[in-house]
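Novice: Below is the structure I would like to discuss, written out as structure tokens.
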Amino acid sequence: MAPNDSAETTGSATSTTAARRKAARYVVPVAVAGVAAATIGLVPALADSGDPELPKISAQKLIEKIAASDTQQLSGTVRVSTDLGIPSLGGLAESFAQSAGGEQGGSSAAPKDRLTELASGTHTLRVAADGPDKQRVSILDSAAEYSVIRNGDQLWAYDSKSDEAYHATTDKAPDAGKHEGRTAPEGVPTTPKALAEQALKAAGPTTSVTVDGTAQVAGRDAYKLVIKPKQGGSTIGAITVAVDAKNGVPLKFTLSPSSGGKAVIDAGFTSVDFARPAASSFTFTPSKGTKVTEADEAKAEKNVEKGPEGLTGLDKIAGGGGGAKVIGEGWGAIYAIEAPAGEGLPSSEKNGDVPPAAQQFLDSFGDKVTGKFGSGTVFKTRLVNALMTDDGKVYVGAVTKDALVKAADSAAN
């Protein structure tokens with residue numbers, strides 16, 4: 001019979017392009033924060049039939065097994081499915097691309113721009129790693145492939161569809177992954193191991209961690225580690241990590257919402273090999289005719305505001321304003337910040353240059369709310385929600401609408 005260890009261990013966005021950018025500036029913090037927060041975990045329910053019989057193991061011992069894993073060579077295929085519930089961008093697609101995707105310049109191969117594709121839909125990735133300094137991740141399409149390759153201090157990214165490449169060295173590419181298990185720029189983990197490590201950082205007094213049976217993933221026996229918030233008000237129901245019973249490597253990661261339904265993020269290996277990958281996996285030489293953008297060139301071309309990098313970077317959203325104040329703790333933590341320039345949401349009533357598409361998006365994406373704080377709009381995804389008050393304050397977190405209103409009311413007292 002498969003083991004079921006219930007013992008707990010505690011551990012936490014017209015008429016003009018300028019108007020489009022202005023409107024997008026306000027919506028981007030919500031959508032991008034949702035995308036970044038979703039990288040708490042990426043990996044699909046790919047279990048083979050039948051649960052293997054394995055010796056019982058405590059949650060603490062399984063966590064220690066993950067931490068002690070020294071597996072640094074692997075290659076395989078990962079399928080990632082993400083459903084944040086963000087509505088169609090429609091006419092705002094260009095605005096989002098201009099406002100959220102320009103950090104690394106005009107190259108279609110810039111890693112941060114392209115890897116955000118993983119924030120929606122289903123994608124197949126081919127990954128490889130040989131220690132902390134040799135990594136590769138490729139997003140496979142029906143007629144194209146996008147790859148990020150790191151070899152020592154060299155970082156290359158190549159888009160076969162546009163025949164464009166992006167190149168940097170590690171001192172010019174602070175996003176280059178330097179941690180074991182990473183196969184992409186930091187902040188965009190693409191392997192179950194990197195995702196699991198982020199999730200386990202939440203372990204603390206507000207977290208329940210248990211072992212709940214076994215599974216078989218990519219033909220390998222695994223234990224199922226379940227991480228749940230103990231607090232109410234979180235949009236996260238549970239995170240399940242399938243851990244290789246032999247070497248402690250996370251093989252699968254699933255994040256389920258507290259509201260029920262399909263997983264917000266469901267990603268995992270469909271095949272995996274722990275032998276050392278061929279050295280050719282980590283080499284890249286652009287072909288004659290390939291457009292190459294160097295990191296310094298991309299930095300010089302940058303002419304947009306830098307968007308948020310995740311929940312841990314929400315204190316940077318305020319366009320040079322003050323830092324974020326954190327309300328609550330653990331899974332219920334809410335970041336309270338000032339909107340850019342201390343302004344509230346743009347609207348056709350207050351600002352005639354807001355394009356109809358932008359106004360329609362804002363109206364469909366948000367719910368009007370009122371409270372002791374006054375009035376505002378809650379923008380919702382299946383994982384991260386944000387309340388922007390009419391007087392220009394923002395409350396954001398992986399929490400419910402009611403929790404955001406309660407936090408705003410408390411701050412107003």
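Simple scheme: letters A, B, ... for chains in structure tokens order, numbers from 1 for residues in each chain, numbers from 1 for ligands in the order shown.
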So which residues touch Lys65 in chain A within 9 Å, counting only C-alpha atoms, skipping near sequence neighbours fewer than 4 positions away, as a short mmCIF file (atom, residue, chain, number, x, y, z; two decimals) with all heavy atoms, in the first residue's frame?
Specialist:
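Dumped to part.cif:
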```cif
data_model
loop_
_atom_site.label_atom_id
_atom_site.label_comp_id
_atom_site.auth_asym_id
_atom_site.auth_seq_id
_atom_site.Cartn_x
_atom_site.Cartn_y
_atom_site.Cartn_z
N GLN A 60 9.81 15.86 6.79
CA GLN A 60 11.10 16.47 7.09
C GLN A 60 12.23 15.74 6.36
O GLN A 60 13.12 16.35 5.78
CB GLN A 60 11.36 16.46 8.59
CG GLN A 60 12.67 17.12 9.00
CD GLN A 60 12.71 18.59 8.66
OE1 GLN A 60 11.72 19.31 8.81
NE2 GLN A 60 13.86 19.05 8.17
N LYS A 61 12.19 14.42 6.38
CA LYS A 61 13.22 13.64 5.71
C LYS A 61 13.18 13.84 4.20
O LYS A 61 14.22 13.87 3.53
CB LYS A 61 13.05 12.15 6.04
CG LYS A 61 13.38 11.78 7.47
CD LYS A 61 14.87 11.96 7.75
CE LYS A 61 15.24 11.49 9.14
NZ LYS A 61 16.68 11.68 9.44
N SER A 69 20.18 16.56 -2.47
CA SER A 69 20.38 16.02 -3.81
C SER A 69 21.57 16.69 -4.50
O SER A 69 21.63 17.93 -4.59
CB SER A 69 19.12 16.21 -4.65
OG SER A 69 19.34 15.78 -5.98
N VAL A 243 8.75 13.92 -5.88
CA VAL A 243 10.19 13.88 -5.63
C VAL A 243 10.74 12.50 -5.97
O VAL A 243 10.24 11.48 -5.46
CB VAL A 243 10.49 14.21 -4.16
CG1 VAL A 243 11.99 14.22 -3.92
CG2 VAL A 243 9.86 15.55 -3.77
N ALA A 245 12.31 9.22 -5.78
CA ALA A 245 12.60 8.45 -4.58
C ALA A 245 14.06 8.08 -4.46
O ALA A 245 14.58 7.89 -3.36
CB ALA A 245 11.74 7.18 -4.56
N ASN A 247 16.99 9.79 -6.06
CA ASN A 247 17.98 10.86 -5.98
C ASN A 247 17.47 12.18 -5.42
O ASN A 247 18.22 13.15 -5.33
CB ASN A 247 18.63 11.11 -7.35
CG ASN A 247 17.62 11.47 -8.42
OD1 ASN A 247 16.56 12.02 -8.15
ND2 ASN A 247 17.95 11.16 -9.68
N GLY A 248 16.19 12.27 -5.05
CA GLY A 248 15.66 13.48 -4.44
C GLY A 248 15.40 14.64 -5.38
O GLY A 248 15.13 15.75 -4.94
N VAL A 249 15.46 14.40 -6.69
CA VAL A 249 15.21 15.47 -7.66
C VAL A 249 13.71 15.63 -7.88
O VAL A 249 13.02 14.67 -8.20
CB VAL A 249 15.89 15.17 -9.01
CG1 VAL A 249 15.51 16.22 -10.06
CG2 VAL A 249 17.40 15.13 -8.83
#
```
Novice: Within range 118-289 of chain A, find each residue whose DSSP state, derived from the backbone, is strand (DSSP E or B), and express the selection as a VMD selection string.
Specialist: chain A and resid 121 to 130 134 to 140 145 to 151 154 to 159 164 to 169 207 to 217 220 to 229 234 236 to 244 250 to 257 265 to 273
Novice: For CA of Asp212 in chain A and CA of Ile63 in chain A, determine how far apart the two atoms are, in Å to one decimal place.
Specialist: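 According to the coordinates, CA of Asp212 in chain A and CA of Ile63 in chain A are separated by 13.4 Å.
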Novice: With only C-alpha atoms as the counted atoms, please give the residues lying no more than 8 Å from Leu255 in chain A, apart from itself and same-chain residues fewer than 6 positions off, as a list in words.
Specialist: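 In the requested format, the answer is Gly41, Leu42, Ile236, Gly237, Ala238, Ile239, Thr240, Ala263, Val264, Ile265 and Asp266 of chain A.
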Novice: Just write the chosen residues, all heavy atoms, as a PDB file, in the first residue's frame.
Specialist:
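New file part-v5.pdb:
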```
ATOM      1  N   GLY A  41       5.767  27.986  -9.061  1.00  0.00           N
ATOM      2  CA  GLY A  41       5.806  26.596  -9.476  1.00  0.00           C
ATOM      3  C   GLY A  41       5.336  26.410 -10.895  1.00  0.00           C
ATOM      4  O   GLY A  41       4.298  26.889 -11.230  1.00  0.00           O
ATOM      5  N   LEU A  42       6.142  25.758 -11.728  1.00  0.00           N
ATOM      6  CA  LEU A  42       5.740  25.392 -13.078  1.00  0.00           C
ATOM      7  C   LEU A  42       5.860  23.856 -13.219  1.00  0.00           C
ATOM      8  O   LEU A  42       6.953  23.410 -13.110  1.00  0.00           O
ATOM      9  CB  LEU A  42       6.660  26.035 -14.105  1.00  0.00           C
ATOM     10  CG  LEU A  42       6.646  27.526 -14.283  1.00  0.00           C
ATOM     11  CD1 LEU A  42       7.710  27.958 -15.278  1.00  0.00           C
ATOM     12  CD2 LEU A  42       5.343  28.055 -14.721  1.00  0.00           C
ATOM     13  N   ILE A 236      -3.911  30.220  -2.999  1.00  0.00           N
ATOM     14  CA  ILE A 236      -3.201  28.963  -3.221  1.00  0.00           C
ATOM     15  C   ILE A 236      -3.815  27.879  -2.357  1.00  0.00           C
ATOM     16  O   ILE A 236      -3.870  28.005  -1.129  1.00  0.00           O
ATOM     17  CB  ILE A 236      -1.701  29.111  -2.895  1.00  0.00           C
ATOM     18  CG1 ILE A 236      -1.072  30.144  -3.833  1.00  0.00           C
ATOM     19  CG2 ILE A 236      -0.993  27.758  -3.031  1.00  0.00           C
ATOM     20  CD1 ILE A 236       0.378  30.467  -3.512  1.00  0.00           C
ATOM     21  N   GLY A 237      -4.293  26.819  -3.005  1.00  0.00           N
ATOM     22  CA  GLY A 237      -4.868  25.717  -2.254  1.00  0.00           C
ATOM     23  C   GLY A 237      -3.792  24.763  -1.798  1.00  0.00           C
ATOM     24  O   GLY A 237      -3.686  24.445  -0.612  1.00  0.00           O
ATOM     25  N   ALA A 238      -2.989  24.294  -2.737  1.00  0.00           N
ATOM     26  CA  ALA A 238      -1.914  23.366  -2.402  1.00  0.00           C
ATOM     27  C   ALA A 238      -0.894  23.317  -3.522  1.00  0.00           C
ATOM     28  O   ALA A 238      -1.200  23.577  -4.691  1.00  0.00           O
ATOM     29  CB  ALA A 238      -2.472  21.972  -2.153  1.00  0.00           C
ATOM     30  N   ILE A 239       0.323  22.980  -3.156  1.00  0.00           N
ATOM     31  CA  ILE A 239       1.413  22.736  -4.103  1.00  0.00           C
ATOM     32  C   ILE A 239       1.850  21.299  -3.892  1.00  0.00           C
ATOM     33  O   ILE A 239       2.137  20.894  -2.763  1.00  0.00           O
ATOM     34  CB  ILE A 239       2.593  23.685  -3.865  1.00  0.00           C
ATOM     35  CG1 ILE A 239       2.189  25.127  -4.203  1.00  0.00           C
ATOM     36  CG2 ILE A 239       3.803  23.268  -4.691  1.00  0.00           C
ATOM     37  CD1 ILE A 239       3.225  26.166  -3.821  1.00  0.00           C
ATOM     38  N   THR A 240       1.871  20.520  -4.967  1.00  0.00           N
ATOM     39  CA  THR A 240       2.297  19.125  -4.877  1.00  0.00           C
ATOM     40  C   THR A 240       3.573  18.936  -5.690  1.00  0.00           C
ATOM     41  O   THR A 240       3.631  19.303  -6.864  1.00  0.00           O
ATOM     42  CB  THR A 240       1.203  18.176  -5.404  1.00  0.00           C
ATOM     43  OG1 THR A 240       0.003  18.385  -4.655  1.00  0.00           O
ATOM     44  CG2 THR A 240       1.640  16.727  -5.257  1.00  0.00           C
ATOM     45  N   ALA A 263      -5.585  23.000 -12.317  1.00  0.00           N
ATOM     46  CA  ALA A 263      -4.401  23.610 -11.725  1.00  0.00           C
ATOM     47  C   ALA A 263      -4.063  24.930 -12.406  1.00  0.00           C
ATOM     48  O   ALA A 263      -4.262  25.100 -13.613  1.00  0.00           O
ATOM     49  CB  ALA A 263      -3.215  22.655 -11.833  1.00  0.00           C
ATOM     50  N   VAL A 264      -3.561  25.870 -11.636  1.00  0.00           N
ATOM     51  CA  VAL A 264      -3.082  27.135 -12.189  1.00  0.00           C
ATOM     52  C   VAL A 264      -1.804  26.877 -12.970  1.00  0.00           C
ATOM     53  O   VAL A 264      -1.598  27.379 -14.068  1.00  0.00           O
ATOM     54  CB  VAL A 264      -2.804  28.155 -11.069  1.00  0.00           C
ATOM     55  CG1 VAL A 264      -2.198  29.438 -11.649  1.00  0.00           C
ATOM     56  CG2 VAL A 264      -4.094  28.483 -10.323  1.00  0.00           C
ATOM     57  N   ILE A 265      -0.939  26.058 -12.398  1.00  0.00           N
ATOM     58  CA  ILE A 265       0.310  25.693 -13.036  1.00  0.00           C
ATOM     59  C   ILE A 265       0.507  24.204 -12.881  1.00  0.00           C
ATOM     60  O   ILE A 265       0.400  23.671 -11.785  1.00  0.00           O
ATOM     61  CB  ILE A 265       1.497  26.444 -12.413  1.00  0.00           C
ATOM     62  CG1 ILE A 265       1.294  27.943 -12.558  1.00  0.00           C
ATOM     63  CG2 ILE A 265       2.806  26.036 -13.058  1.00  0.00           C
ATOM     64  CD1 ILE A 265       2.039  28.741 -11.550  1.00  0.00           C
ATOM     65  N   ASP A 266       0.760  23.540 -13.972  1.00  0.00           N
ATOM     66  CA  ASP A 266       0.916  22.097 -13.951  1.00  0.00           C
ATOM     67  C   ASP A 266       2.052  21.757 -14.904  1.00  0.00           C
ATOM     68  O   ASP A 266       1.929  21.892 -16.109  1.00  0.00           O
ATOM     69  CB  ASP A 266      -0.398  21.457 -14.411  1.00  0.00           C
ATOM     70  CG  ASP A 266      -0.450  19.978 -14.061  1.00  0.00           C
ATOM     71  OD1 ASP A 266       0.269  19.583 -13.128  1.00  0.00           O
ATOM     72  OD2 ASP A 266      -1.210  19.248 -14.708  1.00  0.00           O
TER      73      ASP A 266
END
```
Novice: Grab the CA of Thr254 in chain A to CA of Val226 in chain A distance for me, in Å with one decimal place.
Specialist: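 According to the coordinates, CA of Thr254 in chain A and CA of Val226 in chain A are separated by 9.6 Å.
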Novice: Taking into account only C-alpha atoms, which residue in the set A:Lys325, A:Lys112, A:Lys291, A:Arg382 is nearest to Lys161 in chain A?
Specialist: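 Residue with the minimum atom-to-atom distance to Lys161 in chain A: A:Lys291.
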Novice: Which polymer residues have any atom within 10 Å of an atom of Ala278 in chain A, counting only C-alpha atoms, with same-chain residues fewer than 4 positions away left out, as a PyMOL selection string?
Specialist: chain A and resi 75+128-130+282-283
Novice: Using only C-alpha atoms, which protein or nucleic acid residues come within 12 Å of range 122-126 of chain A? Drop anything in the same chain fewer than 3 positions from it, and give the result as a PyMOL selection string.
Specialist: chain A and resi 42-44+74-84+115-119+129+135-142+144-149+183-184+190-191+264-273+281
Novice: With N, CA and C atoms retained, export the selected residues as a CSV table (one decimal), in the first residue's frame.
Specialist:
```
chain,number,residue,atom,x,y,z
A,42,LEU,N,6.1,25.8,-11.7
A,42,LEU,CA,5.7,25.4,-13.1
A,42,LEU,C,5.9,23.9,-13.2
A,43,VAL,N,4.9,22.7,-13.5
A,43,VAL,CA,5.3,21.3,-13.9
A,43,VAL,C,4.1,20.2,-13.8
A,44,PRO,N,3.3,18.9,-15.5
A,44,PRO,CA,1.9,18.4,-15.7
A,44,PRO,C,1.6,17.1,-15.0
A,74,LEU,N,21.5,16.3,-16.1
A,74,LEU,CA,20.2,15.8,-16.5
A,74,LEU,C,19.9,16.3,-17.9
A,75,SER,N,19.0,15.6,-18.6
A,75,SER,CA,18.4,16.1,-19.8
A,75,SER,C,17.0,15.5,-19.9
A,76,GLY,N,16.1,16.2,-20.6
A,76,GLY,CA,14.8,15.6,-20.7
A,76,GLY,C,13.8,16.6,-21.3
A,77,THR,N,12.5,16.2,-21.3
A,77,THR,CA,11.5,17.0,-21.9
A,77,THR,C,10.5,17.3,-20.8
A,78,VAL,N,10.1,18.6,-20.7
A,78,VAL,CA,9.1,19.1,-19.7
A,78,VAL,C,7.9,19.7,-20.4
A,79,ARG,N,6.8,19.4,-19.9
A,79,ARG,CA,5.6,20.1,-20.5
A,79,ARG,C,5.0,21.0,-19.4
A,80,VAL,N,4.7,22.2,-19.8
A,80,VAL,CA,4.3,23.2,-18.8
A,80,VAL,C,2.9,23.7,-19.3
A,81,SER,N,1.9,23.7,-18.4
A,81,SER,CA,0.6,24.2,-18.6
A,81,SER,C,0.3,25.3,-17.6
A,82,THR,N,-0.1,26.5,-18.0
A,82,THR,CA,-0.4,27.6,-17.1
A,82,THR,C,-1.7,28.2,-17.4
A,83,ASP,N,-2.6,28.3,-16.4
A,83,ASP,CA,-3.9,29.0,-16.6
A,83,ASP,C,-4.1,30.0,-15.4
A,84,LEU,N,-3.6,31.2,-15.6
A,84,LEU,CA,-3.8,32.2,-14.6
A,84,LEU,C,-5.2,32.9,-14.7
A,115,LEU,N,10.6,34.3,-22.5
A,115,LEU,CA,10.2,33.3,-21.5
A,115,LEU,C,8.9,33.6,-20.8
A,116,THR,N,8.4,34.8,-20.9
A,116,THR,CA,7.1,35.1,-20.3
A,116,THR,C,6.0,34.4,-21.1
A,117,GLU,N,6.3,33.8,-22.2
A,117,GLU,CA,5.4,33.0,-23.0
A,117,GLU,C,4.9,31.8,-22.1
A,118,LEU,N,5.7,31.4,-21.2
A,118,LEU,CA,5.3,30.3,-20.3
A,118,LEU,C,4.2,30.6,-19.4
A,119,ALA,N,3.8,31.9,-19.3
A,119,ALA,CA,2.8,32.3,-18.4
A,119,ALA,C,1.4,32.0,-18.8
A,129,ALA,N,21.2,20.1,-18.3
A,129,ALA,CA,22.1,20.8,-17.4
A,129,ALA,C,23.3,19.9,-17.1
A,135,GLN,N,23.8,25.1,-18.8
A,135,GLN,CA,22.4,24.9,-18.9
A,135,GLN,C,21.8,25.3,-20.2
A,136,ARG,N,20.7,24.6,-20.6
A,136,ARG,CA,20.0,24.9,-21.8
A,136,ARG,C,18.6,24.6,-21.6
A,137,VAL,N,17.7,25.5,-22.1
A,137,VAL,CA,16.3,25.3,-22.2
A,137,VAL,C,15.8,25.8,-23.5
A,138,SER,N,15.0,24.9,-24.2
A,138,SER,CA,14.4,25.2,-25.5
A,138,SER,C,12.9,25.1,-25.4
A,139,ILE,N,12.2,26.1,-25.9
A,139,ILE,CA,10.8,26.1,-26.1
A,139,ILE,C,10.5,25.6,-27.5
A,140,LEU,N,9.8,24.5,-27.6
A,140,LEU,CA,9.5,23.9,-28.9
A,140,LEU,C,8.2,24.3,-29.4
A,141,ASP,N,8.2,24.7,-30.7
A,141,ASP,CA,7.0,25.1,-31.4
A,141,ASP,C,6.9,24.1,-32.6
A,142,SER,N,5.7,24.2,-33.3
A,142,SER,CA,5.5,23.3,-34.4
A,142,SER,C,6.5,23.5,-35.5
A,144,ALA,N,9.2,26.1,-35.1
A,144,ALA,CA,10.3,26.9,-34.7
A,144,ALA,C,10.8,26.4,-33.3
A,145,GLU,N,11.9,27.0,-32.9
A,145,GLU,CA,12.4,26.7,-31.5
A,145,GLU,C,13.1,27.9,-31.0
A,146,TYR,N,12.9,28.1,-29.7
A,146,TYR,CA,13.6,29.2,-29.0
A,146,TYR,C,14.5,28.6,-27.9
A,147,SER,N,15.7,29.0,-27.9
A,147,SER,CA,16.7,28.4,-26.9
A,147,SER,C,17.4,29.4,-26.2
A,148,VAL,N,17.7,29.1,-24.9
A,148,VAL,CA,18.6,29.9,-24.1
A,148,VAL,C,19.7,28.9,-23.6
A,149,ILE,N,21.0,29.3,-23.9
A,149,ILE,CA,22.1,28.4,-23.6
A,149,ILE,C,23.1,29.2,-22.7
A,183,THR,N,17.8,26.6,-15.7
A,183,THR,CA,18.2,26.5,-17.1
A,183,THR,C,17.7,27.7,-17.8
A,184,ALA,N,17.5,28.8,-17.1
A,184,ALA,CA,17.0,30.1,-17.7
A,184,ALA,C,17.4,31.2,-16.8
A,190,THR,N,12.6,27.0,-14.8
A,190,THR,CA,11.9,26.2,-15.8
A,190,THR,C,12.1,24.7,-15.5
A,191,THR,N,12.6,24.3,-14.4
A,191,THR,CA,12.7,22.9,-14.0
A,191,THR,C,12.0,22.7,-12.7
A,264,VAL,N,-3.6,25.9,-11.6
A,264,VAL,CA,-3.1,27.1,-12.2
A,264,VAL,C,-1.8,26.9,-13.0
A,265,ILE,N,-0.9,26.1,-12.4
A,265,ILE,CA,0.3,25.7,-13.0
A,265,ILE,C,0.5,24.2,-12.9
A,266,ASP,N,0.8,23.5,-14.0
A,266,ASP,CA,0.9,22.1,-14.0
A,266,ASP,C,2.1,21.8,-14.9
A,267,ALA,N,3.2,21.4,-14.4
A,267,ALA,CA,4.4,21.2,-15.2
A,267,ALA,C,5.2,20.0,-14.7
A,268,GLY,N,5.8,19.3,-15.7
A,268,GLY,CA,6.6,18.1,-15.2
A,268,GLY,C,7.3,17.4,-16.3
A,269,PHE,N,8.3,16.6,-15.9
A,269,PHE,CA,9.0,15.8,-16.9
A,269,PHE,C,8.1,14.8,-17.6
A,270,THR,N,8.2,14.7,-18.9
A,270,THR,CA,7.6,13.5,-19.6
A,270,THR,C,8.7,12.5,-19.9
A,271,SER,N,9.9,12.9,-19.9
A,271,SER,CA,11.1,12.0,-20.0
A,271,SER,C,12.2,12.7,-19.3
A,272,VAL,N,13.1,11.9,-18.7
A,272,VAL,CA,14.3,12.5,-18.0
A,272,VAL,C,15.4,11.4,-18.0
A,273,ASP,N,16.6,11.9,-18.1
A,273,ASP,CA,17.8,11.1,-18.1
A,273,ASP,C,18.9,11.8,-17.3
A,281,SER,N,25.4,20.2,-26.4
A,281,SER,CA,24.1,20.8,-26.0
A,281,SER,C,24.3,22.2,-25.5
```
Novice: Using only C-alpha atoms, which residues sit within 8 Å of Ala412 in chain A once same-chain residues fewer than 4 positions away are excluded, as a list in words?
Specialist: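 Skipping anything fewer than 4 positions along the chain leaves Lys372, Phe373 and Ala408 of chain A.
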Novice: Since we have the selection now, will you write its residues out, keeping all heavy atoms, as an mmCIF file, in the first residue's frame?
Specialist:
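Just written: out-v1.cif:
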```
data_model
loop_
_atom_site.group_PDB
_atom_site.id
_atom_site.type_symbol
_atom_site.label_atom_id
_atom_site.label_comp_id
_atom_site.auth_asym_id
_atom_site.auth_seq_id
_atom_site.Cartn_x
_atom_site.Cartn_y
_atom_site.Cartn_z
ATOM 1 N N LYS A 372 -13.964 51.080 4.049
ATOM 2 C CA LYS A 372 -13.537 52.212 4.857
ATOM 3 C C LYS A 372 -12.455 53.010 4.149
ATOM 4 O O LYS A 372 -12.285 54.211 4.373
ATOM 5 C CB LYS A 372 -13.004 51.712 6.193
ATOM 6 C CG LYS A 372 -14.068 51.056 7.079
ATOM 7 C CD LYS A 372 -13.444 50.560 8.361
ATOM 8 C CE LYS A 372 -14.488 49.849 9.228
ATOM 9 N NZ LYS A 372 -13.880 49.311 10.476
ATOM 10 N N PHE A 373 -11.702 52.348 3.275
ATOM 11 C CA PHE A 373 -10.620 53.008 2.538
ATOM 12 C C PHE A 373 -11.140 53.930 1.449
ATOM 13 O O PHE A 373 -10.399 54.756 0.906
ATOM 14 C CB PHE A 373 -9.710 51.955 1.884
ATOM 15 C CG PHE A 373 -10.371 51.171 0.784
ATOM 16 C CD1 PHE A 373 -10.348 51.622 -0.524
ATOM 17 C CD2 PHE A 373 -11.047 49.993 1.060
ATOM 18 C CE1 PHE A 373 -10.965 50.909 -1.547
ATOM 19 C CE2 PHE A 373 -11.666 49.272 0.053
ATOM 20 C CZ PHE A 373 -11.627 49.732 -1.252
ATOM 21 N N ALA A 408 -6.867 46.977 3.016
ATOM 22 C CA ALA A 408 -7.005 48.400 2.696
ATOM 23 C C ALA A 408 -7.769 49.117 3.797
ATOM 24 O O ALA A 408 -7.427 50.255 4.175
ATOM 25 C CB ALA A 408 -7.706 48.559 1.356
#
```
Novice: Based on DSSP run over this structure's backbone, return all residues of range 193-246 of chain A in helix (DSSP H, G or I), as a list in words.
Specialist: Lys193, Ala194, Leu195, Ala196, Glu197, Gln198, Ala199 and Leu200 of chain A
Novice: Dump all heavy atoms for the selected residues as an mmCIF file, in the first residue's frame?
Specialist:
```
data_model
loop_
_atom_site.group_PDB
_atom_site.id
_atom_site.type_symbol
_atom_site.label_atom_id
_atom_site.label_comp_id
_atom_site.auth_asym_id
_atom_site.auth_seq_id
_atom_site.Cartn_x
_atom_site.Cartn_y
_atom_site.Cartn_z
ATOM 1 N N LYS A 193 12.980 21.244 -10.101
ATOM 2 C CA LYS A 193 13.851 21.486 -8.949
ATOM 3 C C LYS A 193 13.870 22.954 -8.562
ATOM 4 O O LYS A 193 13.700 23.310 -7.385
ATOM 5 C CB LYS A 193 15.285 21.023 -9.246
ATOM 6 C CG LYS A 193 16.262 21.286 -8.100
ATOM 7 C CD LYS A 193 17.622 20.713 -8.409
ATOM 8 C CE LYS A 193 18.651 21.096 -7.342
ATOM 9 N NZ LYS A 193 18.306 20.602 -6.007
ATOM 10 N N ALA A 194 14.073 23.862 -9.543
ATOM 11 C CA ALA A 194 14.106 25.287 -9.247
ATOM 12 C C ALA A 194 12.768 25.754 -8.698
ATOM 13 O O ALA A 194 12.697 26.593 -7.796
ATOM 14 C CB ALA A 194 14.468 26.076 -10.512
ATOM 15 N N LEU A 195 11.688 25.211 -9.225
ATOM 16 C CA LEU A 195 10.347 25.592 -8.771
ATOM 17 C C LEU A 195 10.092 25.124 -7.356
ATOM 18 O O LEU A 195 9.558 25.840 -6.520
ATOM 19 C CB LEU A 195 9.316 25.013 -9.737
ATOM 20 C CG LEU A 195 9.455 25.534 -11.174
ATOM 21 C CD1 LEU A 195 8.682 24.657 -12.142
ATOM 22 C CD2 LEU A 195 9.028 26.965 -11.267
ATOM 23 N N ALA A 196 10.471 23.905 -7.080
ATOM 24 C CA ALA A 196 10.274 23.358 -5.744
ATOM 25 C C ALA A 196 11.073 24.137 -4.707
ATOM 26 O O ALA A 196 10.598 24.388 -3.596
ATOM 27 C CB ALA A 196 10.666 21.885 -5.715
ATOM 28 N N GLU A 197 12.295 24.527 -5.066
ATOM 29 C CA GLU A 197 13.121 25.294 -4.134
ATOM 30 C C GLU A 197 12.435 26.601 -3.765
ATOM 31 O O GLU A 197 12.461 27.032 -2.610
ATOM 32 C CB GLU A 197 14.494 25.565 -4.757
ATOM 33 C CG GLU A 197 15.378 24.327 -4.810
ATOM 34 C CD GLU A 197 16.667 24.563 -5.573
ATOM 35 O OE1 GLU A 197 16.739 25.562 -6.314
ATOM 36 O OE2 GLU A 197 17.588 23.745 -5.434
ATOM 37 N N GLN A 198 11.792 27.267 -4.749
ATOM 38 C CA GLN A 198 11.083 28.508 -4.466
ATOM 39 C C GLN A 198 9.898 28.259 -3.547
ATOM 40 O O GLN A 198 9.649 29.013 -2.612
ATOM 41 C CB GLN A 198 10.613 29.177 -5.764
ATOM 42 C CG GLN A 198 11.752 29.789 -6.560
ATOM 43 C CD GLN A 198 11.282 30.835 -7.542
ATOM 44 O OE1 GLN A 198 10.119 31.245 -7.535
ATOM 45 N NE2 GLN A 198 12.187 31.279 -8.388
ATOM 46 N N ALA A 199 9.159 27.207 -3.823
ATOM 47 C CA ALA A 199 7.985 26.914 -3.000
ATOM 48 C C ALA A 199 8.382 26.606 -1.566
ATOM 49 O O ALA A 199 7.727 27.036 -0.612
ATOM 50 C CB ALA A 199 7.208 25.751 -3.599
ATOM 51 N N LEU A 200 9.458 25.860 -1.383
ATOM 52 C CA LEU A 200 9.882 25.479 -0.038
ATOM 53 C C LEU A 200 10.404 26.662 0.764
ATOM 54 O O LEU A 200 10.483 26.594 1.994
ATOM 55 C CB LEU A 200 10.945 24.376 -0.119
ATOM 56 C CG LEU A 200 10.387 23.011 -0.527
ATOM 57 C CD1 LEU A 200 11.513 22.031 -0.813
ATOM 58 C CD2 LEU A 200 9.456 22.464 0.555
#
```
Novice: Nearest to Gly260 in chain A: which of A:Val127, A:Leu383, A:Ala324, A:Ile227 is it, counting only C-alpha atoms?
Specialist: A:Leu383
Novice: Can you tell me which residues surround Ser375 in chain A at a distance of at most 9 Å, considering only C-alpha atoms, apart from same-chain residues fewer than 5 positions away, and format the answer as a short mmCIF file (atom, residue, chain, number, x, y, z; two decimals) with N, CA and C atoms, in the first residue's frame?
Specialist:
```
data_model
loop_
_atom_site.label_atom_id
_atom_site.label_comp_id
_atom_site.auth_asym_id
_atom_site.auth_seq_id
_atom_site.Cartn_x
_atom_site.Cartn_y
_atom_site.Cartn_z
N LYS A 368 -15.42 46.50 -9.07
CA LYS A 368 -15.49 47.69 -8.24
C LYS A 368 -15.78 47.29 -6.80
N VAL A 369 -15.05 47.87 -5.86
CA VAL A 369 -15.27 47.58 -4.45
C VAL A 369 -15.24 48.87 -3.65
N THR A 370 -15.87 48.83 -2.47
CA THR A 370 -15.85 49.97 -1.57
C THR A 370 -15.56 49.48 -0.15
N MET A 388 -6.52 48.37 -6.59
CA MET A 388 -6.02 49.73 -6.78
C MET A 388 -7.13 50.68 -6.36
N THR A 389 -6.85 51.46 -5.35
CA THR A 389 -7.85 52.41 -4.85
C THR A 389 -7.89 53.63 -5.75
N ASP A 390 -8.99 54.36 -5.67
CA ASP A 390 -9.16 55.55 -6.51
C ASP A 390 -8.16 56.66 -6.16
N ASP A 391 -7.61 56.59 -4.94
CA ASP A 391 -6.63 57.61 -4.57
C ASP A 391 -5.20 57.15 -4.79
#
```
